[in-house]
file input-v2.txt (compact mmCIF, C-alpha atoms and all ligand atoms)
# COMPACT_ATOMS: atom_id res chain seq x y z
CA MET S 1 8.02 -8.47 10.14
CA ASN S 2 10.00 -10.23 12.86
CA VAL S 3 12.51 -8.65 15.15
CA HIS S 4 15.94 -9.79 14.00
CA ILE S 5 17.93 -11.33 16.79
CA ASP S 6 21.60 -10.51 16.80
CA SER S 7 23.85 -13.48 17.47
CA THR S 8 26.14 -11.41 19.68
CA ALA S 9 23.31 -10.36 22.01
CA THR S 10 23.10 -11.58 25.56
CA ASP S 11 19.86 -12.72 27.15
CA ARG S 12 20.11 -10.01 29.75
CA VAL S 13 17.92 -6.96 29.35
CA LEU S 14 20.06 -3.82 29.49
CA ALA S 15 19.09 -0.83 31.59
CA PRO S 16 18.23 2.14 29.31
CA ASP S 17 21.57 3.84 30.01
CA GLU S 18 23.45 0.62 29.29
CA LEU S 19 21.64 0.42 25.98
CA GLU S 20 22.71 3.99 25.21
CA ALA S 21 26.31 3.12 26.12
CA ALA S 22 26.18 0.09 23.80
CA LEU S 23 24.86 2.32 20.98
CA ARG S 24 27.65 4.85 21.56
CA ALA S 25 30.24 2.07 21.50
CA ILE S 26 29.03 1.07 18.03
CA GLY S 27 29.59 4.62 16.81
CA ALA S 28 33.06 4.79 18.33
CA GLU S 29 34.00 1.64 16.46
CA ARG S 30 32.11 1.93 13.16
CA TYR S 31 30.93 5.45 12.34
CA HIS S 32 32.14 6.96 9.07
CA HIS S 33 34.40 9.53 10.76
CA LEU S 34 36.93 6.66 10.75
CA HIS S 35 36.77 6.03 7.01
CA PRO S 36 39.95 6.84 5.03
CA PHE S 37 37.94 8.80 2.44
CA HIS S 38 36.68 11.20 5.13
CA ARG S 39 40.15 11.53 6.57
CA LEU S 40 41.42 12.65 3.15
CA LEU S 41 38.42 14.92 2.56
CA HIS S 42 38.78 16.66 5.90
CA ALA S 43 42.55 16.98 5.65
CA GLY S 44 42.33 18.95 2.41
CA ALA S 45 44.10 16.09 0.63
CA LEU S 46 41.68 15.54 -2.25
CA THR S 47 41.56 17.14 -5.70
CA ARG S 48 38.63 19.31 -6.69
CA GLY S 49 37.36 16.44 -8.88
CA GLN S 50 37.39 14.05 -5.92
CA VAL S 51 35.50 16.57 -3.79
CA GLN S 52 32.99 16.92 -6.64
CA ALA S 53 32.54 13.12 -6.68
CA TRP S 54 31.79 13.20 -2.94
CA ALA S 55 29.23 16.03 -3.30
CA LEU S 56 27.57 14.37 -6.28
CA ASN S 57 27.21 10.98 -4.62
CA ARG S 58 26.14 12.32 -1.26
CA TYR S 59 23.33 14.22 -3.00
CA TYR S 60 21.60 10.88 -3.48
CA TYR S 61 21.70 10.22 0.27
CA GLN S 62 20.27 13.67 0.94
CA ALA S 63 17.57 13.28 -1.69
CA MET S 64 16.39 9.90 -0.36
CA ILE S 65 16.34 10.77 3.35
CA PRO S 66 12.81 12.30 3.16
CA ILE S 67 11.58 9.21 1.26
CA LYS S 68 13.04 7.09 4.06
CA ASP S 69 11.36 9.30 6.65
CA ALA S 70 8.05 9.09 4.80
CA HIS S 71 8.24 5.28 5.08
CA ALA S 72 8.86 5.69 8.80
CA LEU S 73 5.81 7.97 9.12
CA THR S 74 3.53 5.27 7.70
CA LYS S 75 4.42 3.07 10.67
CA MET S 76 3.70 5.63 13.36
CA PRO S 77 0.24 5.24 14.86
CA ALA S 78 0.35 8.31 17.13
CA PRO S 79 0.01 11.96 16.05
CA GLU S 80 2.73 13.07 18.47
CA LEU S 81 5.18 10.63 16.88
CA ARG S 82 4.26 11.77 13.37
CA ARG S 83 4.49 15.44 14.34
CA GLU S 84 8.03 14.90 15.51
CA TRP S 85 9.02 12.87 12.47
CA ARG S 86 7.42 15.07 9.83
CA ARG S 87 9.69 17.90 11.01
CA ARG S 88 12.57 15.88 9.56
CA ILE S 89 10.91 15.82 6.16
CA ILE S 90 10.44 19.59 6.30
CA ASP S 91 14.08 20.04 7.36
CA HIS S 92 15.14 18.39 4.11
CA ASP S 93 12.39 19.41 1.70
CA GLY S 94 11.88 22.90 3.08
CA ASP S 95 8.49 24.55 3.26
CA GLY S 96 8.69 26.35 -0.06
CA PRO S 97 10.86 26.60 -3.17
CA GLY S 98 14.50 27.42 -2.48
CA THR S 99 14.45 26.21 1.15
CA GLY S 100 15.49 23.02 2.98
CA GLY S 101 18.45 20.68 3.15
CA ILE S 102 18.21 19.24 -0.34
CA GLU S 103 18.33 22.72 -1.82
CA ARG S 104 21.28 23.60 0.39
CA TRP S 105 23.08 20.46 -0.75
CA LEU S 106 22.51 21.48 -4.38
CA LYS S 107 24.10 24.84 -3.55
CA LEU S 108 27.06 22.97 -2.07
CA ALA S 109 27.34 20.88 -5.24
CA GLU S 110 27.17 23.99 -7.42
CA GLY S 111 29.70 25.64 -5.13
CA VAL S 112 32.25 22.92 -5.89
CA GLY S 113 31.60 23.35 -9.62
CA LEU S 114 28.92 20.82 -10.51
CA ASP S 115 25.92 21.44 -12.73
CA ARG S 116 22.68 21.41 -10.71
CA SER S 117 20.62 19.44 -13.20
CA TYR S 118 23.35 16.83 -13.61
CA VAL S 119 23.43 16.37 -9.83
CA GLN S 120 19.63 16.15 -9.62
CA SER S 121 19.53 13.55 -12.40
CA THR S 122 21.72 11.23 -10.22
CA ASP S 123 22.97 9.83 -13.56
CA GLY S 124 26.61 10.02 -12.52
CA ILE S 125 26.44 8.42 -9.07
CA LEU S 126 28.24 5.19 -8.29
CA PRO S 127 26.36 1.88 -8.19
CA GLY S 128 27.66 1.41 -4.63
CA THR S 129 26.06 4.71 -3.59
CA ARG S 130 22.74 3.78 -5.15
CA PHE S 131 22.66 0.32 -3.57
CA ALA S 132 23.71 1.53 -0.11
CA VAL S 133 21.20 4.38 -0.01
CA GLU S 134 18.40 2.18 -1.30
CA ALA S 135 19.25 -0.45 1.30
CA TYR S 136 18.65 2.20 3.97
CA VAL S 137 15.30 3.24 2.50
CA ASN S 138 14.23 -0.39 2.16
CA PHE S 139 15.34 -1.19 5.69
CA VAL S 140 13.08 1.49 7.13
CA ARG S 141 10.26 0.41 4.80
CA ASP S 142 10.52 -3.28 5.69
CA ARG S 143 11.49 -3.42 9.37
CA LEU S 144 9.82 -2.48 12.61
CA ILE S 145 9.51 1.21 13.42
CA LEU S 146 11.76 0.57 16.44
CA GLU S 147 14.50 -0.57 14.05
CA GLY S 148 13.82 2.31 11.66
CA ILE S 149 14.13 4.88 14.43
CA ALA S 150 17.25 3.18 15.79
CA SER S 151 18.85 3.27 12.36
CA SER S 152 18.67 7.09 12.40
CA LEU S 153 20.84 7.18 15.51
CA THR S 154 24.10 7.53 13.60
CA GLU S 155 23.15 11.19 13.92
CA MET S 156 24.34 10.92 17.54
CA PHE S 157 27.83 11.02 16.12
CA SER S 158 27.40 13.53 13.28
CA PRO S 159 27.95 16.91 15.02
CA GLY S 160 31.57 15.96 15.77
CA ILE S 161 32.38 14.92 12.23
CA ILE S 162 30.52 17.90 10.75
CA ALA S 163 32.57 20.34 12.85
CA ASP S 164 35.81 18.60 11.78
CA ARG S 165 34.70 18.58 8.16
CA VAL S 166 33.79 22.26 7.99
CA ARG S 167 36.99 23.31 9.75
CA GLY S 168 39.16 20.98 7.64
CA MET S 169 37.58 21.81 4.29
CA LEU S 170 37.71 25.58 4.83
CA ALA S 171 41.37 25.31 5.74
CA GLY S 172 42.26 22.75 3.08
CA TYR S 173 40.62 23.85 -0.17
CA ALA S 174 40.89 27.28 -1.77
CA PHE S 175 37.67 26.65 -3.75
CA ILE S 176 35.54 26.06 -0.62
CA THR S 177 33.89 28.97 1.20
CA GLU S 178 31.68 29.15 4.28
CA GLU S 179 28.77 29.78 1.95
CA THR S 180 29.49 26.55 0.05
CA LEU S 181 29.28 24.58 3.30
CA ALA S 182 26.15 26.32 4.58
CA TYR S 183 24.34 22.97 4.39
CA PHE S 184 26.05 21.88 7.57
CA THR S 185 25.26 24.85 9.86
CA PRO S 186 21.62 23.95 10.64
CA ARG S 187 22.56 20.27 10.94
CA LEU S 188 24.50 21.12 14.08
CA THR S 189 21.20 21.97 15.80
CA GLN S 190 18.84 19.69 13.84
CA ALA S 191 20.81 16.49 14.46
CA PRO S 192 20.85 16.81 18.29
CA GLN S 193 17.11 17.57 18.21
CA ASP S 194 16.50 14.48 16.04
CA VAL S 195 18.64 12.35 18.32
CA ASP S 196 17.06 13.60 21.51
CA PHE S 197 13.71 12.23 20.40
CA ALA S 198 14.95 9.04 18.71
CA LEU S 199 17.20 8.04 21.59
CA ARG S 200 14.44 8.59 24.16
CA TYR S 201 12.08 6.53 22.01
CA VAL S 202 14.50 3.64 21.61
CA LYS S 203 15.48 3.60 25.28
CA ALA S 204 11.81 3.52 26.31
CA GLU S 205 10.53 1.06 23.70
CA ALA S 206 13.30 -1.55 23.47
CA ARG S 207 12.34 -3.49 26.55
CA THR S 208 13.23 -7.10 25.75
CA ALA S 209 16.67 -8.50 25.02
CA ALA S 210 15.52 -9.30 21.47
CA GLU S 211 14.29 -5.74 20.89
CA GLN S 212 17.52 -4.32 22.26
CA ALA S 213 19.52 -6.63 20.02
CA ALA S 214 17.45 -5.46 17.05
CA VAL S 215 18.15 -1.82 17.93
CA LEU S 216 21.90 -2.43 18.15
CA ALA S 217 21.84 -4.36 14.87
CA ALA S 218 19.95 -1.51 13.20
CA LEU S 219 22.65 0.97 14.19
CA ARG S 220 25.40 -1.36 12.95
CA PHE S 221 23.51 -1.74 9.68
CA LYS S 222 23.29 2.03 9.30
CA CYS S 223 27.01 2.44 9.97
CA ASP S 224 27.52 -0.07 7.15
CA VAL S 225 25.28 2.01 4.85
CA LEU S 226 27.45 5.06 5.45
CA TRP S 227 30.73 3.12 5.26
CA ALA S 228 29.79 1.41 1.99
CA GLN S 229 29.17 4.78 0.33
CA LEU S 230 32.69 5.90 1.20
CA ASP S 231 34.20 2.57 0.11
CA ALA S 232 32.58 3.11 -3.28
CA LEU S 233 34.04 6.63 -3.51
CA TYR S 234 37.49 5.48 -2.44
CA LEU S 235 37.62 2.63 -4.93
CA ALA S 236 36.41 4.75 -7.83
CA TYR S 237 38.18 8.06 -7.19
CA VAL S 238 41.17 7.45 -4.90
CA ASP S 239 42.64 3.98 -5.20
CA PRO S 240 42.78 2.14 -7.55
CA GLY S 241 40.59 4.64 -9.44
CA LEU S 242 38.12 2.20 -10.94
CA ILE S 243 35.35 4.48 -12.17
CA PRO S 244 32.37 2.34 -13.19
CA PRO S 245 30.90 2.81 -16.68
CA GLY S 246 28.55 5.79 -16.75
CA ALA S 247 29.74 7.28 -13.46
CA PHE S 248 31.02 10.85 -13.07
CA VAL S 249 34.51 11.40 -14.47
CA PRO S 250 36.34 14.41 -13.00
CA ALA S 251 37.88 16.87 -15.45
CA ALA S 252 41.68 16.67 -15.75
CA GLU S 253 43.37 19.01 -13.20
O1 LIG S 301 27.51 14.81 7.48
C1 LIG S 301 27.39 13.70 8.00
O2 LIG S 301 28.37 12.99 8.32
C2 LIG S 301 26.01 13.20 8.22
C3 LIG S 301 25.75 11.96 8.76
C4 LIG S 301 24.43 11.53 8.90
C5 LIG S 301 24.24 10.21 9.52
O3 LIG S 301 24.98 9.91 10.48
O4 LIG S 301 23.44 9.44 9.04
C6 LIG S 301 23.36 12.36 8.46
C7 LIG S 301 23.72 13.63 7.95
N1 LIG S 301 25.01 14.03 7.83
C8 LIG S 301 22.74 14.56 7.50
O5 LIG S 301 23.08 15.68 7.08
C9 LIG S 301 21.38 14.21 7.56
O6 LIG S 301 20.52 15.01 7.17
C10 LIG S 301 21.01 12.93 8.05
C11 LIG S 301 19.77 12.31 8.18
C12 LIG S 301 20.03 11.07 8.68
C13 LIG S 301 19.09 9.97 8.95
O7 LIG S 301 19.57 8.83 9.11
O8 LIG S 301 17.87 10.21 8.96
N2 LIG S 301 21.36 10.91 8.84
C14 LIG S 301 21.98 12.05 8.48
call {"tool": "encode", "arguments": {"input": "input-v2.txt", "output": "structure tokens"}}
result
Amino acid sequence: MNVHIDSTATDRVLAPDELEAALRAIGAERYHHLHPFHRLLHAGALTRGQVQAWALNRYYYQAMIPIKDAHALTKMPAPELRREWRRRIIDHDGDGPGTGGIERWLKLAEGVGLDRSYVQSTDGILPGTRFAVEAYVNFVRDRLILEGIASSLTEMFSPGIIADRVRGMLAGYAFITEETLAYFTPRLTQAPQDVDFALRYVKAEARTAAEQAAVLAALRFKCDVLWAQLDALYLAYVDPGLIPPGAFVPAAE
């Protein structure tokens, strides 16, 4: 698979710290903390049904992350790379029944009043969620490992939004407790650990202008994956409220 050259790239090779600054600038401009759906969610401005729609749809992202990471593993020739990356799969899948991020997300979904088996079926998710999440999995499957690792770097920006979310949701919704949001607590340490490795890898391995352009494009793509999921939620459950056939319909409140 070829490296994809971004039309906005310059020919100049960036110093590693310049590359990091360019990655951070993408987050400042495009990360999903800026999306109107998140602003409403974190401000306590949504109904319980809208919060349920968010939890239900985001489950699909959570459930597919280890599949995405398993694709990444198949492209890693070195044991030390795989050792680092397989930790991510364990973070999400756990190392036994009842453990791991996916299980904690199911608890969050149950905590907001959803049925666990309905969530696991993914029957009620939006088409936009499905297509965006699958685009991420396919991206990591089909592109270079450098691009796959770079696409995980949205996690550079997640501790900030997670802290805002937990604070805002606890303050804004009577039906949310700290226990409901327990998913997010370990993410505050896991995400920086993930990023530490991925950022070092990308800064060391993206040596040509074309590789650096591919890394920047991968992060923009991933911001789009996250943004598109929130667009789908906003359109279906906020404004204009176009719920696609077969998707989750909140109970009247
Ligand atoms: O709550 C968030 O806003 C948020 C964002 C992201 C992200 O930036 O992709 C991830 C997560 N959470 C998360 O919990 C998570 O496990 C995760 C894995 C990945 C990835 O790309 O491998 N991103 C994220």
call {"tool": "residues_near_ligand", "arguments": {"input": "input-v2.txt", "ligand": "ligand LIG 301 (chain S)", "cutoff": "8 Å", "atoms": "only C-alpha atoms and all ligand atoms", "output": "short mmCIF file (atom, residue, chain, number, x, y, z; two decimals) with C-alpha atoms, keeping the file's coordinate frame"}}
result
data_model
loop_
_atom_site.label_atom_id
_atom_site.label_comp_id
_atom_site.auth_asym_id
_atom_site.auth_seq_id
_atom_site.Cartn_x
_atom_site.Cartn_y
_atom_site.Cartn_z
CA TYR S 31 30.93 5.45 12.34
CA HIS S 32 32.14 6.96 9.07
CA HIS S 33 34.40 9.53 10.76
CA GLN S 62 20.27 13.67 0.94
CA ILE S 65 16.34 10.77 3.35
CA PRO S 66 12.81 12.30 3.16
CA LYS S 68 13.04 7.09 4.06
CA ASP S 69 11.36 9.30 6.65
CA ARG S 88 12.57 15.88 9.56
CA HIS S 92 15.14 18.39 4.11
CA GLY S 101 18.45 20.68 3.15
CA SER S 151 18.85 3.27 12.36
CA SER S 152 18.67 7.09 12.40
CA LEU S 153 20.84 7.18 15.51
CA THR S 154 24.10 7.53 13.60
CA GLU S 155 23.15 11.19 13.92
CA MET S 156 24.34 10.92 17.54
CA PHE S 157 27.83 11.02 16.12
CA SER S 158 27.40 13.53 13.28
CA PRO S 159 27.95 16.91 15.02
CA ILE S 161 32.38 14.92 12.23
CA ILE S 162 30.52 17.90 10.75
CA TYR S 183 24.34 22.97 4.39
CA PHE S 184 26.05 21.88 7.57
CA ARG S 187 22.56 20.27 10.94
CA ALA S 191 20.81 16.49 14.46
CA LYS S 222 23.29 2.03 9.30
CA CYS S 223 27.01 2.44 9.97
CA LEU S 226 27.45 5.06 5.45
#
call {"tool": "atom_distance", "arguments": {"input": "input-v2.txt", "atom1": "atom CA of Val51 of chain S", "atom2": "atom CA of Val238 of chain S"}}
result
10.8 Å
call {"tool": "residues_around", "arguments": {"input": "input-v2.txt", "residues": "Leu144 of chain S", "least_positions_apart": "6", "cutoff": "12 Å", "atoms": "only C-alpha atoms", "output": "PDB file with C-alpha atoms, in the frame of the given file"}}
result
ATOM      1  CA  MET S   1       8.020  -8.470  10.140  1.00  0.00           C
ATOM      2  CA  ASN S   2      10.000 -10.230  12.860  1.00  0.00           C
ATOM      3  CA  VAL S   3      12.510  -8.650  15.150  1.00  0.00           C
ATOM      4  CA  HIS S   4      15.940  -9.790  14.000  1.00  0.00           C
ATOM      5  CA  HIS S  71       8.240   5.280   5.080  1.00  0.00           C
ATOM      6  CA  ALA S  72       8.860   5.690   8.800  1.00  0.00           C
ATOM      7  CA  LEU S  73       5.810   7.970   9.120  1.00  0.00           C
ATOM      8  CA  THR S  74       3.530   5.270   7.700  1.00  0.00           C
ATOM      9  CA  LYS S  75       4.420   3.070  10.670  1.00  0.00           C
ATOM     10  CA  MET S  76       3.700   5.630  13.360  1.00  0.00           C
ATOM     11  CA  ASN S 138      14.230  -0.390   2.160  1.00  0.00           C
ATOM     12  CA  ALA S 150      17.250   3.180  15.790  1.00  0.00           C
ATOM     13  CA  SER S 151      18.850   3.270  12.360  1.00  0.00           C
ATOM     14  CA  VAL S 202      14.500   3.640  21.610  1.00  0.00           C
ATOM     15  CA  GLU S 205      10.530   1.060  23.700  1.00  0.00           C
ATOM     16  CA  ALA S 206      13.300  -1.550  23.470  1.00  0.00           C
ATOM     17  CA  GLU S 211      14.290  -5.740  20.890  1.00  0.00           C
ATOM     18  CA  ALA S 214      17.450  -5.460  17.050  1.00  0.00           C
ATOM     19  CA  VAL S 215      18.150  -1.820  17.930  1.00  0.00           C
ATOM     20  CA  ALA S 218      19.950  -1.510  13.200  1.00  0.00           C
TER      21      ALA S 218
END
call {"tool": "closest_residue", "arguments": {"input": "input-v2.txt", "among": "S:Gln50, S:Pro127, S:Tyr60, S:Pro192", "to": "His38 of chain S", "atoms": "all atoms listed in the file"}}
result
S:Gln50
call {"tool": "residues_around", "arguments": {"input": "input-v2.txt", "residues": "Gly111 of chain S", "least_positions_apart": "6", "cutoff": "10 Å", "atoms": "all atoms listed in the file", "output": "list in words"}}
result
Gln52, Ala55, Trp105, Phe175, Ile176, Thr177, Glu179, Thr180 and Leu181 of chain S
call {"tool": "atom_distance", "arguments": {"input": "input-v2.txt", "atom1": "atom CA of Ala247 of chain S", "atom2": "atom CA of Leu126 of chain S"}}
result
5.8 Å
call {"tool": "residues_around", "arguments": {"input": "input-v2.txt", "residues": "Ala15 of chain S", "least_positions_apart": "4", "cutoff": "12 Å", "atoms": "all atoms listed in the file", "output": "ChimeraX atom specification"}}
result
/S:19-22,202-209,212
call {"tool": "closest_residue", "arguments": {"input": "input-v2.txt", "among": "S:Glu147, S:Asp17, S:Glu253, S:Glu29", "to": "Leu216 of chain S", "atoms": "only C-alpha atoms"}}
result
S:Glu147
call {"tool": "residues_around", "arguments": {"input": "input-v2.txt", "residues": "Ala174 of chain S", "least_positions_apart": "5", "cutoff": "12 Å", "atoms": "all atoms listed in the file", "output": "ChimeraX atom specification"}}
result
/S:44-48,111-112,168-169,180
call {"tool": "write_last_selection", "arguments": {"input": "input-v2.txt", "atoms": "C-alpha atoms", "output": "mmCIF file, in the coordinates of the input"}}
result
data_model
loop_
_atom_site.group_PDB
_atom_site.id
_atom_site.type_symbol
_atom_site.label_atom_id
_atom_site.label_comp_id
_atom_site.auth_asym_id
_atom_site.auth_seq_id
_atom_site.Cartn_x
_atom_site.Cartn_y
_atom_site.Cartn_z
ATOM 1 C CA GLY S 44 42.330 18.950 2.410
ATOM 2 C CA ALA S 45 44.100 16.090 0.630
ATOM 3 C CA LEU S 46 41.680 15.540 -2.250
ATOM 4 C CA THR S 47 41.560 17.140 -5.700
ATOM 5 C CA ARG S 48 38.630 19.310 -6.690
ATOM 6 C CA GLY S 111 29.700 25.640 -5.130
ATOM 7 C CA VAL S 112 32.250 22.920 -5.890
ATOM 8 C CA GLY S 168 39.160 20.980 7.640
ATOM 9 C CA MET S 169 37.580 21.810 4.290
ATOM 10 C CA THR S 180 29.490 26.550 0.050
#
call {"tool": "closest_residue", "arguments": {"input": "input-v2.txt", "among": "S:Leu146, S:Leu41, S:Met64, S:Ala25", "to": "Arg200 of chain S", "atoms": "all atoms listed in the file"}}
result
S:Leu146
call {"tool": "atom_distance", "arguments": {"input": "input-v2.txt", "atom1": "atom CA of Phe37 of chain S", "atom2": "atom CA of Phe248 of chain S"}}
result
17.1 Å
call {"tool": "closest_residue", "arguments": {"input": "input-v2.txt", "among": "S:Leu235, S:Leu34, S:Leu170, S:Ala70", "to": "Arg82 of chain S", "atoms": "all atoms listed in the file"}}
result
S:Ala70
call {"tool": "axis_aligned_box", "arguments": {"input": "input-v2.txt", "around": "segment 26-33 of chain S", "padding_each_side": "3 Å", "output": "JSON"}}
result
{"center_x": 31.7, "center_y": 5.3, "center_z": 13.7, "size_x": 11.4, "size_y": 14.5, "size_z": 15.3}
call {"tool": "closest_residue", "arguments": {"input": "input-v2.txt", "among": "S:Gly98, S:Val133, S:Lys107, S:Ala78", "to": "Ala63 of chain S", "atoms": "all atoms listed in the file"}}
result
S:Val133
call {"tool": "closest_residue", "arguments": {"input": "input-v2.txt", "among": "S:Arg104, S:Arg12, S:Arg24, S:Arg39", "to": "Pro186 of chain S", "atoms": "all atoms listed in the file"}}
result
S:Arg104
call {"tool": "decode", "arguments": {"input": "input-v2.txt", "residues": "segment 100-124 of chain S", "atoms": "N, CA and C atoms", "output": "PDB file, in the first residue's frame"}}
result
ATOM      1  N   GLY S 100     -12.153  -5.197  31.896  1.00  0.00           N
ATOM      2  CA  GLY S 100     -11.814  -4.520  30.644  1.00  0.00           C
ATOM      3  C   GLY S 100     -12.786  -3.411  30.262  1.00  0.00           C
ATOM      4  N   GLY S 101     -12.348  -2.619  29.290  1.00  0.00           N
ATOM      5  CA  GLY S 101     -13.082  -1.422  28.889  1.00  0.00           C
ATOM      6  C   GLY S 101     -14.442  -1.698  28.270  1.00  0.00           C
ATOM      7  N   ILE S 102     -14.547  -2.759  27.496  1.00  0.00           N
ATOM      8  CA  ILE S 102     -15.841  -3.043  26.857  1.00  0.00           C
ATOM      9  C   ILE S 102     -16.881  -3.369  27.932  1.00  0.00           C
ATOM     10  N   GLU S 103     -16.464  -4.158  28.894  1.00  0.00           N
ATOM     11  CA  GLU S 103     -17.362  -4.481  30.013  1.00  0.00           C
ATOM     12  C   GLU S 103     -17.740  -3.207  30.779  1.00  0.00           C
ATOM     13  N   ARG S 104     -16.764  -2.347  30.993  1.00  0.00           N
ATOM     14  CA  ARG S 104     -17.079  -1.107  31.723  1.00  0.00           C
ATOM     15  C   ARG S 104     -18.019  -0.216  30.910  1.00  0.00           C
ATOM     16  N   TRP S 105     -17.869  -0.250  29.587  1.00  0.00           N
ATOM     17  CA  TRP S 105     -18.813   0.537  28.778  1.00  0.00           C
ATOM     18  C   TRP S 105     -20.230  -0.048  28.880  1.00  0.00           C
ATOM     19  N   LEU S 106     -20.320  -1.371  28.918  1.00  0.00           N
ATOM     20  CA  LEU S 106     -21.651  -1.982  29.071  1.00  0.00           C
ATOM     21  C   LEU S 106     -22.282  -1.567  30.395  1.00  0.00           C
ATOM     22  N   LYS S 107     -21.453  -1.461  31.431  1.00  0.00           N
ATOM     23  CA  LYS S 107     -21.978  -0.999  32.734  1.00  0.00           C
ATOM     24  C   LYS S 107     -22.467   0.441  32.615  1.00  0.00           C
ATOM     25  N   LEU S 108     -21.730   1.253  31.863  1.00  0.00           N
ATOM     26  CA  LEU S 108     -22.163   2.637  31.654  1.00  0.00           C
ATOM     27  C   LEU S 108     -23.524   2.646  30.934  1.00  0.00           C
ATOM     28  N   ALA S 109     -23.627   1.806  29.908  1.00  0.00           N
ATOM     29  CA  ALA S 109     -24.882   1.760  29.138  1.00  0.00           C
ATOM     30  C   ALA S 109     -26.038   1.296  30.020  1.00  0.00           C
ATOM     31  N   GLU S 110     -25.780   0.280  30.835  1.00  0.00           N
ATOM     32  CA  GLU S 110     -26.830  -0.177  31.767  1.00  0.00           C
ATOM     33  C   GLU S 110     -27.161   0.926  32.776  1.00  0.00           C
ATOM     34  N   GLY S 111     -26.122   1.629  33.192  1.00  0.00           N
ATOM     35  CA  GLY S 111     -26.303   2.704  34.179  1.00  0.00           C
ATOM     36  C   GLY S 111     -27.210   3.818  33.673  1.00  0.00           C
ATOM     37  N   VAL S 112     -27.220   4.045  32.349  1.00  0.00           N
ATOM     38  CA  VAL S 112     -28.128   5.074  31.820  1.00  0.00           C
ATOM     39  C   VAL S 112     -29.467   4.461  31.398  1.00  0.00           C
ATOM     40  N   GLY S 113     -29.657   3.170  31.688  1.00  0.00           N
ATOM     41  CA  GLY S 113     -30.980   2.572  31.513  1.00  0.00           C
ATOM     42  C   GLY S 113     -31.174   1.708  30.275  1.00  0.00           C
ATOM     43  N   LEU S 114     -30.060   1.314  29.646  1.00  0.00           N
ATOM     44  CA  LEU S 114     -30.188   0.459  28.464  1.00  0.00           C
ATOM     45  C   LEU S 114     -30.055  -1.014  28.837  1.00  0.00           C
ATOM     46  N   ASP S 115     -30.630  -1.853  27.999  1.00  0.00           N
ATOM     47  CA  ASP S 115     -30.537  -3.293  28.192  1.00  0.00           C
ATOM     48  C   ASP S 115     -29.216  -3.797  27.591  1.00  0.00           C
ATOM     49  N   ARG S 116     -28.449  -4.539  28.396  1.00  0.00           N
ATOM     50  CA  ARG S 116     -27.124  -4.990  27.972  1.00  0.00           C
ATOM     51  C   ARG S 116     -27.151  -5.772  26.652  1.00  0.00           C
ATOM     52  N   SER S 117     -28.082  -6.686  26.513  1.00  0.00           N
ATOM     53  CA  SER S 117     -28.040  -7.508  25.299  1.00  0.00           C
ATOM     54  C   SER S 117     -28.461  -6.702  24.065  1.00  0.00           C
ATOM     55  N   TYR S 118     -29.333  -5.713  24.268  1.00  0.00           N
ATOM     56  CA  TYR S 118     -29.677  -4.833  23.144  1.00  0.00           C
ATOM     57  C   TYR S 118     -28.438  -4.032  22.709  1.00  0.00           C
ATOM     58  N   VAL S 119     -27.693  -3.536  23.663  1.00  0.00           N
ATOM     59  CA  VAL S 119     -26.476  -2.774  23.340  1.00  0.00           C
ATOM     60  C   VAL S 119     -25.498  -3.688  22.602  1.00  0.00           C
ATOM     61  N   GLN S 120     -25.263  -4.871  23.149  1.00  0.00           N
ATOM     62  CA  GLN S 120     -24.293  -5.797  22.539  1.00  0.00           C
ATOM     63  C   GLN S 120     -24.688  -6.210  21.124  1.00  0.00           C
ATOM     64  N   SER S 121     -26.000  -6.261  20.871  1.00  0.00           N
ATOM     65  CA  SER S 121     -26.452  -6.675  19.527  1.00  0.00           C
ATOM     66  C   SER S 121     -26.063  -5.643  18.471  1.00  0.00           C
ATOM     67  N   THR S 122     -25.855  -4.388  18.875  1.00  0.00           N
ATOM     68  CA  THR S 122     -25.619  -3.225  18.002  1.00  0.00           C
ATOM     69  C   THR S 122     -26.752  -3.023  16.994  1.00  0.00           C
ATOM     70  N   ASP S 123     -27.899  -3.655  17.224  1.00  0.00           N
ATOM     71  CA  ASP S 123     -29.025  -3.532  16.284  1.00  0.00           C
ATOM     72  C   ASP S 123     -29.516  -2.090  16.164  1.00  0.00           C
ATOM     73  N   GLY S 124     -29.450  -1.340  17.264  1.00  0.00           N
ATOM     74  CA  GLY S 124     -30.068  -0.013  17.249  1.00  0.00           C
ATOM     75  C   GLY S 124     -29.132   1.122  16.887  1.00  0.00           C
TER      76      GLY S 124
END
